[in-house]
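Inspection log for the structure reproduced underneath, given as structure tokens.
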Amino acid sequence: MKFDKAYALETFCALFGFDFFGDKEHMVLGINEIHMVENGDIVFVDHPKYYEKALSSAATTIIIDKKVDCPKGKALIIHDRPFDAFNTITRHFMPQRNVNDMPSQTVEVSAQIHANVQLGNNVRIGKNSILYSGVVIMDNVTIEDNVIIGANSVIGHNAFYYKKKIEGYDRLHTCGRVLIESGVEIGALCCIDAGVTGMTKIGRGTKIDNLVQIGHDTQIGEHCLFAAGVGIAGCVRIASHVTFWGQVGCASDVSIGEGVTVLAQSGISKDLEPGKTYFGSPCGEVKEKFKEMAALRMLPEFIKGKK
């Protein structure tokens, strides 16, 4: 998320009463979670295990729970609860709103909006798009032209991103967006989560079956095909012309190459190279997985022969 303007570090921290280390004229442009940061962004880190990842990321301002050596050109915001400080900032610039608190909906006259469809704030619906009954479009969602969304699907729900505390789980405040590009079709009872502070994107011409879950900040390319029951975690990068057959599950922070096919009920836990077919859990190249299965079928006879 980019701020309404650029802030000098001293001025920015004064808004919240934060302590800082670095040039007081250091510029702060926006805020993002670690997978989505860009130059000028703030990111938070609250565990020594991840200090180096945050400090070496594209983010130029790091909210951290103790003073450490700061890389050149960067600055630190020191706070004993960085997660809470991050939420304080995002809620300041993008507060949670009730439905229609600030109606700013643009719906093209050629779009078809069926009964019991709910539109949030800052929503745009493009030409010839169809939203069937029970669809919920939450805040900060753009739906381009010729998009079809099946009954009772939810676009732009809160990101599934929590921190475990003594008193329970605390949600990272969602203030990101969703972009559904032209020609996308989404089935019934699908859920596409908003970015935490960035954008979840479904690329042009992609087709999604019923009962599919797509997590926050995931980027999906053009002309992909996802069958029923697919579950994709947050911060996944999927290139164009990728096919996931039924009940494929994909872990977070994974990259899927162009033209990949993943067969039904497979589990993806690491990056997949382009142009290949995969199967199994954890999935591997299909020919090798089929050899493994054939070998396993032979195992009982092999054991009998050893007796």
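Ordering of the structure tokens sets the chain letters (A, B, ...), residue numbers begin anew at 1 in every chain, and ligands are numbered from 1 in the order given.
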May I have the residues within 8 Å of Leu211 in chain A as a PDB file with N, CA and C atoms, in the first residue's frame, using only C-alpha atoms and disregarding those fewer than 3 positions away in the same chain?
```pdb
ATOM      1  N   GLY A 187     -16.199 -19.821 -10.558  1.00  0.00           N
ATOM      2  CA  GLY A 187     -17.361 -20.647 -10.269  1.00  0.00           C
ATOM      3  C   GLY A 187     -18.075 -20.249  -8.997  1.00  0.00           C
ATOM      4  N   ALA A 188     -18.997 -21.118  -8.579  1.00  0.00           N
ATOM      5  CA  ALA A 188     -19.767 -20.878  -7.365  1.00  0.00           C
ATOM      6  C   ALA A 188     -18.954 -21.228  -6.120  1.00  0.00           C
ATOM      7  N   LEU A 189     -19.232 -20.501  -5.039  1.00  0.00           N
ATOM      8  CA  LEU A 189     -18.652 -20.793  -3.724  1.00  0.00           C
ATOM      9  C   LEU A 189     -17.127 -20.760  -3.724  1.00  0.00           C
ATOM     10  N   CYS A 190     -16.562 -19.829  -4.477  1.00  0.00           N
ATOM     11  CA  CYS A 190     -15.117 -19.613  -4.461  1.00  0.00           C
ATOM     12  C   CYS A 190     -14.781 -18.451  -3.530  1.00  0.00           C
ATOM     13  N   CYS A 191     -13.560 -18.457  -3.007  1.00  0.00           N
ATOM     14  CA  CYS A 191     -13.090 -17.385  -2.131  1.00  0.00           C
ATOM     15  C   CYS A 191     -11.729 -16.903  -2.623  1.00  0.00           C
ATOM     16  N   ALA A 228     -12.226 -27.928  -9.562  1.00  0.00           N
ATOM     17  CA  ALA A 228     -12.901 -27.815  -8.268  1.00  0.00           C
ATOM     18  C   ALA A 228     -12.019 -28.301  -7.119  1.00  0.00           C
ATOM     19  N   GLY A 229     -12.136 -27.601  -5.984  1.00  0.00           N
ATOM     20  CA  GLY A 229     -11.447 -28.026  -4.775  1.00  0.00           C
ATOM     21  C   GLY A 229      -9.994 -27.606  -4.679  1.00  0.00           C
ATOM     22  N   VAL A 230      -9.487 -26.838  -5.632  1.00  0.00           N
ATOM     23  CA  VAL A 230      -8.104 -26.357  -5.568  1.00  0.00           C
ATOM     24  C   VAL A 230      -7.975 -25.367  -4.408  1.00  0.00           C
TER      25      VAL A 230
END
```
Fewer than 2 positions away in the same chain doesn't count, so skip those; otherwise give me all residues within 6 Å of range 30-34 of chain A, counting only C-alpha atoms, as number ranges by chain. A: 1-3, 36-37, 41-43, 197
Find the spatial neighbours of range 66-81 of chain A, counting only C-alpha atoms, within a cut-off of 12 Å - ignore same-chain residues fewer than 3 positions away - and output them as a PDB file with C-alpha atoms, in the first residue's frame.
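Final output, saved to around_37.pdb:
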```pdb
ATOM      1  CA  ALA A   8      10.090  12.212   6.100  1.00  0.00           C
ATOM      2  CA  LEU A   9      10.911   9.581   8.721  1.00  0.00           C
ATOM      3  CA  GLU A  10      10.844  12.056  11.621  1.00  0.00           C
ATOM      4  CA  PHE A  12       6.057   9.936  10.001  1.00  0.00           C
ATOM      5  CA  CYS A  13       7.162   8.581  13.379  1.00  0.00           C
ATOM      6  CA  ALA A  14       5.794  11.663  15.129  1.00  0.00           C
ATOM      7  CA  PHE A  16       2.452   7.523  15.986  1.00  0.00           C
ATOM      8  CA  GLY A  17       4.959   8.317  18.726  1.00  0.00           C
ATOM      9  CA  PHE A  18       7.489   5.816  17.346  1.00  0.00           C
ATOM     10  CA  ASP A  19      11.223   5.857  18.078  1.00  0.00           C
ATOM     11  CA  PHE A  20      13.494   5.621  15.046  1.00  0.00           C
ATOM     12  CA  PHE A  21      17.115   5.213  14.048  1.00  0.00           C
ATOM     13  CA  GLY A  22      18.361   6.757  10.817  1.00  0.00           C
ATOM     14  CA  ASP A  23      18.317   9.961   8.820  1.00  0.00           C
ATOM     15  CA  LYS A  24      15.334  12.046   9.936  1.00  0.00           C
ATOM     16  CA  GLU A  25      14.819  13.089   6.292  1.00  0.00           C
ATOM     17  CA  HIS A  26      14.748   9.454   5.111  1.00  0.00           C
ATOM     18  CA  MET A  27      11.632   9.101   2.949  1.00  0.00           C
ATOM     19  CA  VAL A  28       8.784   6.692   3.669  1.00  0.00           C
ATOM     20  CA  ASN A  39      11.739   0.455  -2.512  1.00  0.00           C
ATOM     21  CA  GLY A  40      10.378   3.057  -0.099  1.00  0.00           C
ATOM     22  CA  ASP A  41       8.185   0.589   1.804  1.00  0.00           C
ATOM     23  CA  ILE A  42       7.996  -0.213   5.501  1.00  0.00           C
ATOM     24  CA  VAL A  43       8.115  -3.864   6.596  1.00  0.00           C
ATOM     25  CA  PHE A  44       8.024  -5.382  10.086  1.00  0.00           C
ATOM     26  CA  VAL A  45      10.086  -8.149  11.703  1.00  0.00           C
ATOM     27  CA  ASP A  46       9.755  -9.451  15.261  1.00  0.00           C
ATOM     28  CA  HIS A  47      11.989 -12.515  15.451  1.00  0.00           C
ATOM     29  CA  PRO A  48      15.816 -12.709  15.141  1.00  0.00           C
ATOM     30  CA  TYR A  51      16.035 -10.118  10.835  1.00  0.00           C
ATOM     31  CA  GLU A  52      18.366 -10.674   7.884  1.00  0.00           C
ATOM     32  CA  ALA A  54      13.804  -8.096   6.401  1.00  0.00           C
ATOM     33  CA  LEU A  55      16.973  -6.004   6.499  1.00  0.00           C
ATOM     34  CA  SER A  56      18.121  -7.262   3.085  1.00  0.00           C
ATOM     35  CA  SER A  57      14.694  -6.977   1.445  1.00  0.00           C
ATOM     36  CA  ALA A  58      13.616  -4.221  -0.920  1.00  0.00           C
ATOM     37  CA  ALA A  59      11.997  -2.420   2.034  1.00  0.00           C
ATOM     38  CA  THR A  60      13.899   0.691   3.091  1.00  0.00           C
ATOM     39  CA  THR A  61      12.309   1.122   6.540  1.00  0.00           C
ATOM     40  CA  ILE A  62      12.118  -1.792   8.976  1.00  0.00           C
ATOM     41  CA  ILE A  63       9.977  -1.943  12.112  1.00  0.00           C
ATOM     42  CA  ASP A  84       1.104  -4.152  16.506  1.00  0.00           C
ATOM     43  CA  ALA A  85       2.990  -1.145  15.131  1.00  0.00           C
ATOM     44  CA  PHE A  86       2.398  -2.396  11.583  1.00  0.00           C
ATOM     45  CA  ASN A  87      -1.334  -2.718  12.294  1.00  0.00           C
ATOM     46  CA  THR A  88      -1.401   0.765  13.835  1.00  0.00           C
ATOM     47  CA  ILE A  89       0.011   2.237  10.629  1.00  0.00           C
ATOM     48  CA  LYS A 163       0.197 -13.730  14.931  1.00  0.00           C
ATOM     49  CA  LYS A 165      -0.178 -14.214  21.215  1.00  0.00           C
TER      50      LYS A 165
END
```
What's the separation between CA of Gly134 in chain A and CA of Ile149 in chain A, in Å to one decimal place? 10.1 Å
Counting only C-alpha atoms, what is within 8 Å of Gly246 in chain A, bar same-chain residues fewer than 2 positions away, as number ranges by chain? A: 226-230, 244, 248, 263-265
Can you pull out every residue within 12 Å of range 283-300 of chain A, counting only C-alpha atoms, but drop anything in the same chain fewer than 2 positions away, and send it as a short mmCIF file (atom, residue, chain, number, x, y, z; two decimals) with N, CA and C atoms, in the first residue's frame?
```cif
data_model
loop_
_atom_site.label_atom_id
_atom_site.label_comp_id
_atom_site.auth_asym_id
_atom_site.auth_seq_id
_atom_site.Cartn_x
_atom_site.Cartn_y
_atom_site.Cartn_z
N VAL A 248 -6.01 -29.99 -5.96
CA VAL A 248 -4.58 -29.67 -5.81
C VAL A 248 -4.44 -28.64 -4.69
N GLY A 249 -3.43 -28.83 -3.84
CA GLY A 249 -3.13 -27.88 -2.79
C GLY A 249 -1.74 -27.30 -2.97
N CYS A 250 -1.60 -26.01 -2.74
CA CYS A 250 -0.31 -25.34 -2.96
C CYS A 250 0.07 -24.52 -1.74
N ALA A 251 1.27 -24.76 -1.21
CA ALA A 251 1.78 -24.04 -0.05
C ALA A 251 2.13 -22.60 -0.42
N VAL A 260 2.79 -25.26 -16.65
CA VAL A 260 2.80 -26.40 -15.74
C VAL A 260 1.40 -27.01 -15.64
N THR A 261 1.35 -28.35 -15.56
CA THR A 261 0.12 -29.07 -15.24
C THR A 261 0.35 -29.88 -13.97
N VAL A 262 -0.57 -29.76 -13.02
CA VAL A 262 -0.48 -30.54 -11.79
C VAL A 262 -1.72 -31.41 -11.70
N LEU A 263 -1.53 -32.72 -11.61
CA LEU A 263 -2.64 -33.67 -11.63
C LEU A 263 -3.38 -33.68 -10.29
N ALA A 264 -4.58 -34.24 -10.31
CA ALA A 264 -5.52 -34.15 -9.19
C ALA A 264 -4.94 -34.66 -7.88
N GLN A 265 -5.32 -34.02 -6.79
CA GLN A 265 -4.98 -34.36 -5.41
C GLN A 265 -3.49 -34.31 -5.12
N SER A 266 -2.77 -33.53 -5.89
CA SER A 266 -1.34 -33.36 -5.63
C SER A 266 -1.12 -32.23 -4.63
N GLY A 267 0.02 -32.29 -3.94
CA GLY A 267 0.39 -31.25 -2.98
C GLY A 267 1.69 -30.58 -3.40
N ILE A 268 1.66 -29.27 -3.57
CA ILE A 268 2.83 -28.51 -4.03
C ILE A 268 3.49 -27.85 -2.83
N SER A 269 4.77 -28.14 -2.63
CA SER A 269 5.47 -27.57 -1.48
C SER A 269 6.71 -26.78 -1.88
N LYS A 270 7.06 -26.78 -3.17
CA LYS A 270 8.25 -26.05 -3.63
C LYS A 270 8.02 -25.58 -5.06
N ASP A 271 8.93 -24.77 -5.57
CA ASP A 271 8.81 -24.22 -6.92
C ASP A 271 8.74 -25.34 -7.96
N LEU A 272 7.96 -25.10 -9.03
CA LEU A 272 7.83 -26.06 -10.12
C LEU A 272 8.35 -25.45 -11.41
N GLU A 273 9.17 -26.21 -12.13
CA GLU A 273 9.77 -25.72 -13.38
C GLU A 273 8.74 -25.67 -14.49
N PRO A 274 8.89 -24.73 -15.41
CA PRO A 274 7.89 -24.55 -16.47
C PRO A 274 7.79 -25.75 -17.42
N GLY A 275 6.60 -25.89 -18.01
CA GLY A 275 6.39 -26.84 -19.09
C GLY A 275 6.35 -28.30 -18.71
N LYS A 276 6.22 -28.62 -17.42
CA LYS A 276 6.25 -30.01 -16.98
C LYS A 276 4.93 -30.39 -16.32
N THR A 277 4.68 -31.70 -16.23
CA THR A 277 3.51 -32.24 -15.55
C THR A 277 3.95 -32.89 -14.24
N TYR A 278 3.19 -32.60 -13.18
CA TYR A 278 3.56 -33.05 -11.84
C TYR A 278 2.41 -33.82 -11.20
N PHE A 279 2.79 -34.68 -10.25
CA PHE A 279 1.79 -35.48 -9.54
C PHE A 279 2.33 -35.90 -8.18
N GLY A 280 1.42 -36.15 -7.24
CA GLY A 280 1.80 -36.69 -5.93
C GLY A 280 1.88 -35.63 -4.86
N SER A 281 2.14 -36.10 -3.62
CA SER A 281 2.24 -35.21 -2.48
C SER A 281 3.35 -35.69 -1.55
N PHE A 302 7.96 -58.48 -2.99
CA PHE A 302 9.39 -58.42 -2.67
C PHE A 302 9.64 -58.86 -1.23
N ILE A 303 8.78 -58.41 -0.30
CA ILE A 303 8.92 -58.79 1.11
C ILE A 303 8.70 -60.29 1.30
N LYS A 304 7.67 -60.84 0.60
CA LYS A 304 7.42 -62.29 0.68
C LYS A 304 8.63 -63.08 0.24
N GLY A 305 9.30 -62.62 -0.81
CA GLY A 305 10.47 -63.32 -1.33
C GLY A 305 11.65 -63.33 -0.39
N LYS A 306 11.67 -62.35 0.53
CA LYS A 306 12.78 -62.26 1.50
C LYS A 306 12.59 -63.19 2.67
N LYS A 307 11.34 -63.71 2.86
CA LYS A 307 11.09 -64.57 4.01
C LYS A 307 11.58 -65.99 3.78
#
```
DSSP on the backbone, then: every residue of range 125-283 of chain A marked strand (DSSP E), written as number ranges by chain. A: 125, 130-131, 136-137, 141-143, 148-149, 154-157, 162-165, 168-171, 177-180, 185-186, 191-193, 199-202, 207-208, 213-214, 219-220, 225-226, 231-232, 237-238, 243-244, 249-250, 255-256, 261-262, 267-268, 277-280, 283
How would the residues just chosen look if you wrote them out with C-alpha atoms as an mmCIF file, in the first residue's frame?
```cif
data_model
loop_
_atom_site.group_PDB
_atom_site.id
_atom_site.type_symbol
_atom_site.label_atom_id
_atom_site.label_comp_id
_atom_site.auth_asym_id
_atom_site.auth_seq_id
_atom_site.Cartn_x
_atom_site.Cartn_y
_atom_site.Cartn_z
ATOM 1 C CA ILE A 125 -17.361 -3.662 -12.203
ATOM 2 C CA ILE A 130 -22.049 -10.983 -14.659
ATOM 3 C CA LEU A 131 -22.329 -11.440 -10.883
ATOM 4 C CA VAL A 136 -20.058 -10.644 -2.140
ATOM 5 C CA ILE A 137 -17.515 -8.164 -3.458
ATOM 6 C CA VAL A 141 -11.858 -4.831 -5.732
ATOM 7 C CA THR A 142 -11.567 -4.168 -9.464
ATOM 8 C CA ILE A 143 -13.371 -6.509 -11.841
ATOM 9 C CA ILE A 148 -18.369 -14.094 -14.741
ATOM 10 C CA ILE A 149 -18.617 -14.794 -10.994
ATOM 11 C CA VAL A 154 -16.627 -13.972 -2.078
ATOM 12 C CA ILE A 155 -13.999 -11.701 -3.592
ATOM 13 C CA GLY A 156 -11.709 -9.634 -1.364
ATOM 14 C CA HIS A 157 -12.156 -11.284 2.019
ATOM 15 C CA TYR A 162 -2.308 -14.103 12.129
ATOM 16 C CA LYS A 163 0.197 -13.730 14.931
ATOM 17 C CA LYS A 164 -0.100 -16.066 17.901
ATOM 18 C CA LYS A 165 -0.178 -14.214 21.215
ATOM 19 C CA GLY A 168 -4.964 -15.838 21.255
ATOM 20 C CA TYR A 169 -4.492 -15.048 17.578
ATOM 21 C CA ASP A 170 -4.318 -11.456 16.331
ATOM 22 C CA ARG A 171 -5.103 -10.733 12.666
ATOM 23 C CA ARG A 177 -6.793 -5.117 -3.113
ATOM 24 C CA VAL A 178 -8.005 -7.675 -5.649
ATOM 25 C CA LEU A 179 -7.784 -7.351 -9.424
ATOM 26 C CA ILE A 180 -9.828 -9.709 -11.618
ATOM 27 C CA GLU A 185 -14.644 -16.916 -15.040
ATOM 28 C CA ILE A 186 -15.047 -17.833 -11.366
ATOM 29 C CA CYS A 191 -13.090 -17.385 -2.131
ATOM 30 C CA ILE A 192 -10.372 -15.008 -3.295
ATOM 31 C CA ASP A 193 -8.680 -13.137 -0.441
ATOM 32 C CA MET A 199 -2.788 -6.972 -4.499
ATOM 33 C CA THR A 200 -4.160 -10.417 -5.259
ATOM 34 C CA LYS A 201 -4.446 -10.778 -9.046
ATOM 35 C CA ILE A 202 -6.257 -13.226 -11.338
ATOM 36 C CA LYS A 207 -11.060 -20.083 -15.606
ATOM 37 C CA ILE A 208 -11.802 -21.193 -12.038
ATOM 38 C CA GLN A 213 -9.688 -20.911 -2.470
ATOM 39 C CA ILE A 214 -6.995 -18.399 -3.469
ATOM 40 C CA GLN A 219 -0.445 -13.563 -8.455
ATOM 41 C CA ILE A 220 -2.032 -15.747 -11.165
ATOM 42 C CA LEU A 225 -7.327 -23.424 -15.441
ATOM 43 C CA PHE A 226 -8.188 -24.506 -11.879
ATOM 44 C CA GLY A 231 -6.572 -24.539 -2.591
ATOM 45 C CA ILE A 232 -3.798 -21.990 -3.133
ATOM 46 C CA ARG A 237 3.297 -16.747 -8.027
ATOM 47 C CA ILE A 238 1.676 -18.685 -10.874
ATOM 48 C CA THR A 243 -3.503 -26.111 -15.024
ATOM 49 C CA PHE A 244 -4.343 -27.433 -11.551
ATOM 50 C CA GLY A 249 -3.125 -27.880 -2.785
ATOM 51 C CA CYS A 250 -0.305 -25.342 -2.963
ATOM 52 C CA SER A 255 6.550 -20.114 -7.822
ATOM 53 C CA ILE A 256 4.862 -22.144 -10.569
ATOM 54 C CA THR A 261 0.118 -29.070 -15.245
ATOM 55 C CA VAL A 262 -0.484 -30.537 -11.785
ATOM 56 C CA GLY A 267 0.393 -31.254 -2.982
ATOM 57 C CA ILE A 268 2.830 -28.512 -4.029
ATOM 58 C CA THR A 277 3.510 -32.239 -15.551
ATOM 59 C CA TYR A 278 3.561 -33.051 -11.841
ATOM 60 C CA PHE A 279 1.788 -35.485 -9.539
ATOM 61 C CA GLY A 280 1.798 -36.689 -5.931
ATOM 62 C CA CYS A 283 4.498 -33.609 -6.059
#
```
From a DSSP calculation on the backbone, collect every residue of range 49-289 of chain A in helix (DSSP H, G or I) and output the set as a ChimeraX atom specification. /A:49-55,82-93,286-289
Include C-alpha atoms and write out the residues we just selected as a PDB file, in the first residue's frame.
```
ATOM      1  CA  LYS A  49      15.405 -15.650  12.746  1.00  0.00           C
ATOM      2  CA  TYR A  50      13.981 -13.242  10.147  1.00  0.00           C
ATOM      3  CA  TYR A  51      16.035 -10.118  10.835  1.00  0.00           C
ATOM      4  CA  GLU A  52      18.366 -10.674   7.884  1.00  0.00           C
ATOM      5  CA  LYS A  53      15.510 -11.348   5.462  1.00  0.00           C
ATOM      6  CA  ALA A  54      13.804  -8.096   6.401  1.00  0.00           C
ATOM      7  CA  LEU A  55      16.973  -6.004   6.499  1.00  0.00           C
ATOM      8  CA  PRO A  82       6.405  -4.646  15.583  1.00  0.00           C
ATOM      9  CA  PHE A  83       3.277  -6.571  14.519  1.00  0.00           C
ATOM     10  CA  ASP A  84       1.104  -4.152  16.506  1.00  0.00           C
ATOM     11  CA  ALA A  85       2.990  -1.145  15.131  1.00  0.00           C
ATOM     12  CA  PHE A  86       2.398  -2.396  11.583  1.00  0.00           C
ATOM     13  CA  ASN A  87      -1.334  -2.718  12.294  1.00  0.00           C
ATOM     14  CA  THR A  88      -1.401   0.765  13.835  1.00  0.00           C
ATOM     15  CA  ILE A  89       0.011   2.237  10.629  1.00  0.00           C
ATOM     16  CA  THR A  90      -2.257   0.338   8.233  1.00  0.00           C
ATOM     17  CA  ARG A  91      -5.380   1.102  10.262  1.00  0.00           C
ATOM     18  CA  HIS A  92      -4.450   4.790  10.257  1.00  0.00           C
ATOM     19  CA  PHE A  93      -4.137   4.993   6.486  1.00  0.00           C
ATOM     20  CA  VAL A 286       4.774 -37.391 -13.241  1.00  0.00           C
ATOM     21  CA  LYS A 287       6.933 -40.103 -14.876  1.00  0.00           C
ATOM     22  CA  GLU A 288       9.069 -40.457 -11.761  1.00  0.00           C
ATOM     23  CA  LYS A 289       6.022 -40.507  -9.486  1.00  0.00           C
TER      24      LYS A 289
END
```
Selected residue, from A:His223, A:Arg97, A:His35, A:Arg124, that lies nearest to Gly198 in chain A when counting only C-alpha atoms: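 Answer, going by the shortest atom-to-atom distance: A:His35.
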Ser110 in chain A: which residues within 10 Å, counting only C-alpha atoms, same-chain residues fewer than 4 positions away excluded, as a PyMOL selection string? chain A and resi 125-130+145-146
Distance CA of Ala115 in chain A-CA of Val135 in chain A, one decimal place?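 These two atoms are separated by 9.0 Å.
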In terms of only C-alpha atoms, the residue from A:Glu222, A:Asp209, A:Asp139, A:Glu167 at minimal distance from Glu181 in chain A is A:Glu222
